[in-house]
Amino acid sequence: MLDFVLWVLPIAALVGAASPSPGHFIDGGNTRVSAMMMFVGNSEKVYILDKAENNADQINGHPAWGAVWDINTHKVDIMDVKTNVFCASGMHLPNGSYATFGGNGAVTVGGVAMDDKIFQDKDGAKAIRILNPCTSADNFDDPHCQWFDDPNVLYMQRKRWYSAAEPLANGTIVLIGGFVNGGYVNRNFVNSDPRTSGGASGAVVRVFSHMQFMISTSGLNAYAHTYLLSSGLMFVQANLSTSHYHLCPNGVARVYPASGAVAMLPLTPANSDMPEQDYGAFAHPVEDVWLYAASKDCQRITPERPDKSAPAYEQDDNMPDGRTMGQFIILPNGKLLVLMEVVKGTNRTLTYGQMPFGMSLATDPVLRPAIYDPNADKGKRWSTDGLDSAILLPDASVLVAGSNPNVDVNMTTIYPTTYAAEIFYPPYFSATTRPQPSGIPNKLSYGGNAFDIKIPSSSYSGNTIVAVVRPGWTTHGMNMGQRYLQLENSYTVADDGTITLHVAQMPPNPNIFQPGPAMVFVVVNGIPSNATMVIVGSGVLENQPRASAAPLPEKVTSDKAKGSADTSSTNSTGQASSNGGGVSKAVLIGSIVGGVALLAVIGAIIGIIIARRRRAAASKSAASSYAMTGARTGQYEMVRNQNIPYSPSSASFNGSSTALANPVHGQGLSDDFEGYGNRTRT
């Protein structure tokens with residue numbers, strides 16, 4: 001069991017002379033292995049995984065493909081991983097540990113399939129690897145701080161390569177899809193056998209019993225976009241189909257190898273949304289895909305509408321420019337950063353000499369990040385500032401690392417193997433004052449008594465929210481498990497300007513935000529604090545304890561209160577405040593209530609929705625007055641960019657051409673769920 005403690009990462013922890021510059025990148029050091037996969041283990045460490053390849057750094061007599069990056073020092077230590085992690089999936093566990101699932105077979109130099117003495121890697125196709133994150137105070141030579149990776153002890157029943165992973169309300173993890181063998185897409189050409197794809201898929205397409213969705217989308221369902229909804233249903237999108245919803249408009253596919261960015265938009269008391277962002281490009285896998293540019297088209301869908309009406313895709317703002325292979329990072333202020341895209345092509349590698357860019361099927365990198373604001377008016381949602389991975393760090397910056405379209409290490413090709421890490425600083429780093437909250441607990445429950453957070457007047461100047469953010473497990477331009485939840489709160493204003501936020505616990509519905517590790521940010525006027533690491537839920541695999549949400553205290557104001565931080569030092573635009581050196585009581589009242597004001601507007605609907613959501617849950621829960629339990633009804637936003645028509649009649653595309661009627665359930669899967677092998681568990 002991993003112990004988590006309260007922590008705050010100060011800006012001063014940044015290394016060297018470089019200082020945060022909003023909208024810019026700084027050097028984050030050398031990762032020593034190419035970052036195909038990353039996750040934030042705790043307040044100090046980011047863990048990195050590469051495929052088995054001929055990296056220069058050696059460990060235990062073979063090339064390394066595992067590493068741990070120190071957030072404070074940017075120092076990297078290599079780690080021993082025994083199996084080939086190439087294109088695995090991964091997810092957190094309720095206690096803060098992490099697991100990865102599947103991968104590729106054993107290879108040697110040049111990516112040749114072989115179990116030899118050079119790489120010493122083992123077949124990772126059935127592997128389950130477990131890591132308990134450690135801190136600098138721990139002994140990293142201790143086995144408890146290293147990857148547990150023994151394919152003879154802990155393994156899956158079937159091979160999985162490019163599978164999706166999504167946690168359930170009790171903390172167990174569902175694995176969906178994955179290749180048995182093959183490469184570019186999950187089927188052979190021509191795909192006359194969608195169930196087994198001529199041996200490429202096999203029975204691996206079935207995690208849920210009778211999951212026809214993965215068979216119907218055969219051809220383009222690697223790394224399917226998968227989200228547990230508040231009702232307990234599973235939202236799955238692959239090929240041109242969305243589970244029990246409409247076909248994707250305009251014939252656009254966005255799963256791997258199109259590798260569209262995807263993220264569930266923030267869940268807030270002020271909306272009834274559970275949105276997803278997704279954009280991507282796909283071109284014919286047997287044509288010159290690097291010649292086709294991505295489009296700017298953006299769509300959104302609400303899978304579970306409060307009025308029970310049929311869901312439908314809705315046109316959203318176009319992106320500033322066409323992009324594919326990008327990645328969305330949910331920022332603490334509720335906006336989404338998208339970066340690491342290219343203008344043309346798709347993911348994946350092919351043989352040297354088949355294309356003009358080495359082994360890459362993509363070209364023309366986009367060097368300008370963009371930010372999407374889901375709360376902005378239509379027409380104003382996108383703005384721009386200034387095979388890799390990116391992830392949110394505890395200080396609210398973003399770590400970017402990796403990129404390697406080559407089957408093995410290649411430092412001389414046009415798009416070489418990359419070991420450089422960079423840190424991107426979003427616009428809110430223009431603020432000279434960051435919030436300094438205190439009192440955030442290290443554990444959050446599903447319902448129960450509220451807790452208090454103190455905000456000194458020196459760091460208060462505007463609208464304040466409390467956000468629980470899970471950065472997720474990142475690979476191939478996607479963050480499995482990434483979520484954002486704004487907690488409900490009231491407040492007390494003291495005469496000296498100190499604010500006490502009375503903050504509700506998590507909604508008493510674990511479907512909304514599954515148990516496990518997360519970061520808590522206090523965001524004032526759009527400027528986030530440093531994060532506090534917490535564990536959501538009980539910390540064990542079980543039907544999570546739930547309690548009624550205790551009523552929040554009434555709001556208390558003070559005529560004498562005045563925040564001492566002006567908004568010119570605490571907003572991300574650098575605009576001067578007309579309030580001069582402080583914020584009046586009226587601003588304090590209006591700003592704090594901003595996080596909960598809209599609850600009254602939707603209150604008449606919420607009572608009905610709460611009852612329906614409770615009935616949908618698999619396990620019985622205590623009655624709750626927590627409004628957000630009903631309000632989080634499941635909007636997913638799809639933002640995708642592709643202007644190449646995707647023809648369902650094309651045998652090589654093999655597009656899915658029907659909307660599926662049967663929902664995919666995320667509850668009650670114990671009999672259908674593929675578990676461990678028949679050997680000893682750890």
# chains A, B, ... in the order shown; residues from 1 in each chain; ligands from 1
>>> residues_around(residues="A:Thr135", least_positions_apart="5", cutoff="8 Å", atoms="only C-alpha atoms", output="short mmCIF file (atom, residue, chain, number, x, y, z; two decimals) with N, CA and C atoms, in the first residue's frame")
data_model
loop_
_atom_site.label_atom_id
_atom_site.label_comp_id
_atom_site.auth_asym_id
_atom_site.auth_seq_id
_atom_site.Cartn_x
_atom_site.Cartn_y
_atom_site.Cartn_z
N ASN A 42 3.72 10.54 -7.99
CA ASN A 42 3.48 11.25 -6.74
C ASN A 42 3.98 12.68 -6.89
N SER A 43 4.19 13.37 -5.80
CA SER A 43 4.59 14.78 -5.85
C SER A 43 5.99 14.98 -6.41
N GLU A 44 6.78 13.92 -6.49
CA GLU A 44 8.18 14.07 -6.87
C GLU A 44 8.56 13.36 -8.16
N LYS A 45 7.81 12.37 -8.59
CA LYS A 45 8.30 11.48 -9.64
C LYS A 45 7.30 11.31 -10.78
#
>>> residues_around(residues="stretch 392-402 of chain A", least_positions_apart="4", cutoff="8 Å", atoms="only C-alpha atoms", output="PyMOL selection string")
chain A and resi 8-11+28+31+34-36+40+43+329-332+387-388+417-426+471+519+528-532
>>> atom_distance(atom1="atom CA of A:Ala310", atom2="atom CA of A:Phe235")
14.7 Å
>>> residues_around(residues="A:Asn318", least_positions_apart="6", cutoff="6 Å", atoms="only C-alpha atoms", output="JSON, numbers by chain")
{"A": [296, 297, 298]}
>>> write_last_selection(atoms="N, CA and C atoms", output="PDB file, in the first residue's frame")
ATOM      1  N   LYS A 296     -10.108  21.036 -39.895  1.00  0.00           N
ATOM      2  CA  LYS A 296     -10.363  21.795 -38.673  1.00  0.00           C
ATOM      3  C   LYS A 296     -11.696  21.409 -38.023  1.00  0.00           C
ATOM      4  N   ASP A 297     -12.385  20.432 -38.558  1.00  0.00           N
ATOM      5  CA  ASP A 297     -13.737  20.111 -38.126  1.00  0.00           C
ATOM      6  C   ASP A 297     -13.786  19.676 -36.664  1.00  0.00           C
ATOM      7  N   CYS A 298     -14.776  20.179 -35.924  1.00  0.00           N
ATOM      8  CA  CYS A 298     -14.955  19.853 -34.508  1.00  0.00           C
ATOM      9  C   CYS A 298     -16.418  19.492 -34.245  1.00  0.00           C
TER      10      CYS A 298
END
